[in-house]
Amino acid sequence: MRQKKPIESLTIWGEEYVLEYRPSGREAVMIIPEAKKIEVNSGQHRPETETVTALVQKRLMIRAKEIITTETGRLAGERNIKYGKIRVKNTRSRFGSCSGDDNLNFNWQIILFPIEKARHVILHELAHVMVKNHSREFWQLLAKWDWQWRENRWWLRHEATRLMVFS
């Protein structure tokens, strides 16, 4: 089995971050927004790709929860929508979902998408708080909130998975 290429940079919520490796006795990942870098501290100068991936994913999931919760709150507030809990997971087959209790679930990796595509995912799930299916009413509501919904939907179906570097 061929080893994956090491991650050298990531775009997080529209900002490019460079991964910088530092030998250290303690494994840790720090996201430094003002420097646009992600420091990966490891016992090795350049740790195995799988080690880096696991370390970075763990830290990015925390950051994703912050970004997605904030953005969902903002978008819902603008539309006067009340929702339940927000969960951020590493799902394989969906970018988001809405439960019957209006709890919202998101794949944390949407923060790696262009911002307008990630916002589309959030708006899609907020629309499900109002309309629980994919009826004509649902698509009309989403179209009022996201005038590029067709383009965004196409992009998610055809392009999104290439940005999902974490399994």
# chains A, B, ... in the order shown; residues from 1 in each chain; ligands from 1

call {"tool": "residues_around", "arguments": {"residues": "region 24-29 of chain A", "least_positions_apart": "2", "cutoff": "6 Å", "atoms": "only C-alpha atoms", "output": "number ranges by chain"}}
result
A: 39-43

call {"tool": "residues_around", "arguments": {"residues": "region 100-112 of chain A", "least_positions_apart": "4", "cutoff": "6 Å", "atoms": "only C-alpha atoms", "output": "PDB file with C-alpha atoms, in the first residue's frame"}}
result
ATOM      1  CA  THR A  11      -7.120  26.035   3.625  1.00  0.00           C
ATOM      2  CA  ILE A  12      -9.252  26.539   6.720  1.00  0.00           C
ATOM      3  CA  TRP A  13     -12.333  28.729   6.370  1.00  0.00           C
ATOM      4  CA  MET A  61     -12.159  19.004  14.786  1.00  0.00           C
ATOM      5  CA  ALA A  64     -14.278  23.151  13.228  1.00  0.00           C
ATOM      6  CA  TYR A  83     -32.368  24.654  16.297  1.00  0.00           C
ATOM      7  CA  GLY A  84     -31.250  22.045  18.824  1.00  0.00           C
ATOM      8  CA  LYS A  85     -27.699  20.887  19.419  1.00  0.00           C
ATOM      9  CA  ILE A  86     -24.824  21.026  16.973  1.00  0.00           C
ATOM     10  CA  ARG A  87     -22.559  18.023  16.597  1.00  0.00           C
ATOM     11  CA  VAL A  88     -19.408  17.949  14.528  1.00  0.00           C
ATOM     12  CA  LYS A  89     -18.247  14.529  13.392  1.00  0.00           C
ATOM     13  CA  ASN A  90     -16.051  12.842  10.817  1.00  0.00           C
ATOM     14  CA  THR A  91     -18.786  11.339   8.672  1.00  0.00           C
ATOM     15  CA  PHE A  95     -21.718  16.785   4.846  1.00  0.00           C
ATOM     16  CA  GLY A  96     -24.593  17.486   7.222  1.00  0.00           C
ATOM     17  CA  ALA A 118     -19.566  25.353   3.638  1.00  0.00           C
ATOM     18  CA  VAL A 129     -35.320  22.736  10.486  1.00  0.00           C
TER      19      VAL A 129
END

call {"tool": "select_by_dssp", "arguments": {"residues": "chain A", "states": "alpha helix (DSSP H)", "output": "JSON, numbers by chain"}}
result
{"A": [49, 50, 51, 52, 53, 54, 55, 56, 57, 58, 59, 60, 61, 62, 63, 64, 65, 66, 67, 68, 69, 70, 71, 72, 73, 74, 75, 76, 77, 78, 79, 115, 116, 117, 118, 119, 120, 121, 122, 123, 124, 125, 126, 127, 128, 129, 130, 136, 137, 138, 139, 140, 141, 142, 143, 144, 145, 149, 150, 151, 152, 153, 154, 155, 156, 157, 158]}

call {"tool": "residues_around", "arguments": {"residues": "Glu78 (chain A)", "least_positions_apart": "4", "cutoff": "12 Å", "atoms": "only C-alpha atoms", "output": "list in words"}}
result
Glu71, Thr72, Gly73, Arg74, Lys82, Leu123, Leu126 and Trp145 of chain A

call {"tool": "residues_around", "arguments": {"residues": "Leu10 (chain A)", "least_positions_apart": "2", "cutoff": "10 Å", "atoms": "only C-alpha atoms", "output": "compact mmCIF listing (two decimals) with N, CA and C atoms, in the first residue's frame"}}
result
# COMPACT_ATOMS: atom_id res chain seq x y z
N ILE A 7 0.88 16.15 4.41
CA ILE A 7 0.12 17.40 4.26
C ILE A 7 1.09 18.56 4.47
N GLU A 8 1.16 19.45 3.50
CA GLU A 8 2.05 20.60 3.61
C GLU A 8 1.31 21.89 3.91
N ILE A 12 -8.26 26.65 5.65
CA ILE A 12 -9.25 26.54 6.72
C ILE A 12 -10.10 27.80 6.71
N TRP A 13 -11.36 27.63 6.44
CA TRP A 13 -12.33 28.73 6.37
C TRP A 13 -11.80 29.88 5.52
N GLY A 14 -11.27 29.51 4.36
CA GLY A 14 -10.82 30.49 3.38
C GLY A 14 -9.42 31.03 3.57
N GLU A 15 -8.71 30.58 4.58
CA GLU A 15 -7.35 31.06 4.86
C GLU A 15 -6.35 29.91 4.67
N GLU A 16 -5.28 30.18 3.97
CA GLU A 16 -4.24 29.17 3.74
C GLU A 16 -3.31 29.09 4.94
N TYR A 17 -3.12 27.87 5.45
CA TYR A 17 -2.23 27.60 6.57
C TYR A 17 -1.14 26.64 6.13
N VAL A 18 0.09 26.93 6.50
CA VAL A 18 1.22 26.06 6.19
C VAL A 18 1.50 25.20 7.43
N LEU A 19 1.76 23.91 7.21
CA LEU A 19 2.13 23.05 8.32
C LEU A 19 3.63 23.16 8.55
N LYS A 36 -0.74 32.29 10.17
CA LYS A 36 -1.25 31.40 9.12
C LYS A 36 -0.43 30.11 9.05
N LYS A 37 -0.23 29.52 10.23
CA LYS A 37 0.49 28.26 10.25
C LYS A 37 -0.10 27.31 11.27
N ILE A 38 0.19 26.04 11.06
CA ILE A 38 -0.18 24.98 11.97
C ILE A 38 1.13 24.33 12.40
N LEU A 112 -12.78 22.98 5.40
CA LEU A 112 -11.73 22.95 4.39
C LEU A 112 -12.26 23.38 3.02
N LEU A 163 -11.12 17.66 -1.38
CA LEU A 163 -10.62 18.49 -0.28
C LEU A 163 -10.71 17.79 1.07
N VAL A 165 -9.26 15.49 3.08
CA VAL A 165 -7.99 14.77 3.15
C VAL A 165 -7.90 13.86 4.38

call {"tool": "residues_around", "arguments": {"residues": "Arg162 (chain A)", "least_positions_apart": "4", "cutoff": "12 Å", "atoms": "only C-alpha atoms", "output": "ChimeraX atom specification"}}
result
/A:109-110,112-113,155-158,166-167

call {"tool": "write_last_selection", "arguments": {"atoms": "C-alpha atoms", "output": "mmCIF file, in the first residue's frame"}}
result
data_model
loop_
_atom_site.group_PDB
_atom_site.id
_atom_site.type_symbol
_atom_site.label_atom_id
_atom_site.label_comp_id
_atom_site.auth_asym_id
_atom_site.auth_seq_id
_atom_site.Cartn_x
_atom_site.Cartn_y
_atom_site.Cartn_z
ATOM 1 C CA GLN A 109 -14.168 18.860 7.079
ATOM 2 C CA ILE A 110 -16.561 21.428 5.594
ATOM 3 C CA LEU A 112 -11.727 22.951 4.389
ATOM 4 C CA PHE A 113 -14.212 23.906 1.647
ATOM 5 C CA TRP A 155 -19.742 21.382 -6.438
ATOM 6 C CA LEU A 156 -20.451 19.337 -3.312
ATOM 7 C CA ARG A 157 -21.372 16.301 -5.404
ATOM 8 C CA HIS A 158 -18.415 16.524 -7.787
ATOM 9 C CA PHE A 166 -8.868 13.123 6.467
ATOM 10 C CA SER A 167 -10.619 9.755 6.560
#

call {"tool": "select_by_dssp", "arguments": {"residues": "region 42-152 of chain A", "states": "strand (DSSP E)", "output": "JSON, numbers by chain"}}
result
{"A": [42, 86, 87, 88, 89, 96, 97, 98, 104, 105, 106, 107]}

call {"tool": "atom_distance", "arguments": {"atom1": "CA of Lys117 (chain A)", "atom2": "CA of Trp149 (chain A)"}}
result
9.0 Å

call {"tool": "atom_distance", "arguments": {"atom1": "CA of Ile32 (chain A)", "atom2": "CA of Arg59 (chain A)"}}
result
11.8 Å

call {"tool": "atom_distance", "arguments": {"atom1": "CA of His124 (chain A)", "atom2": "CA of Lys58 (chain A)"}}
result
25.8 Å

call {"tool": "closest_residue", "arguments": {"among": "A:Ala54, A:Ala160, A:Ile68, A:Ala143", "to": "Ile122 (chain A)", "atoms": "only C-alpha atoms"}}
result
A:Ile68
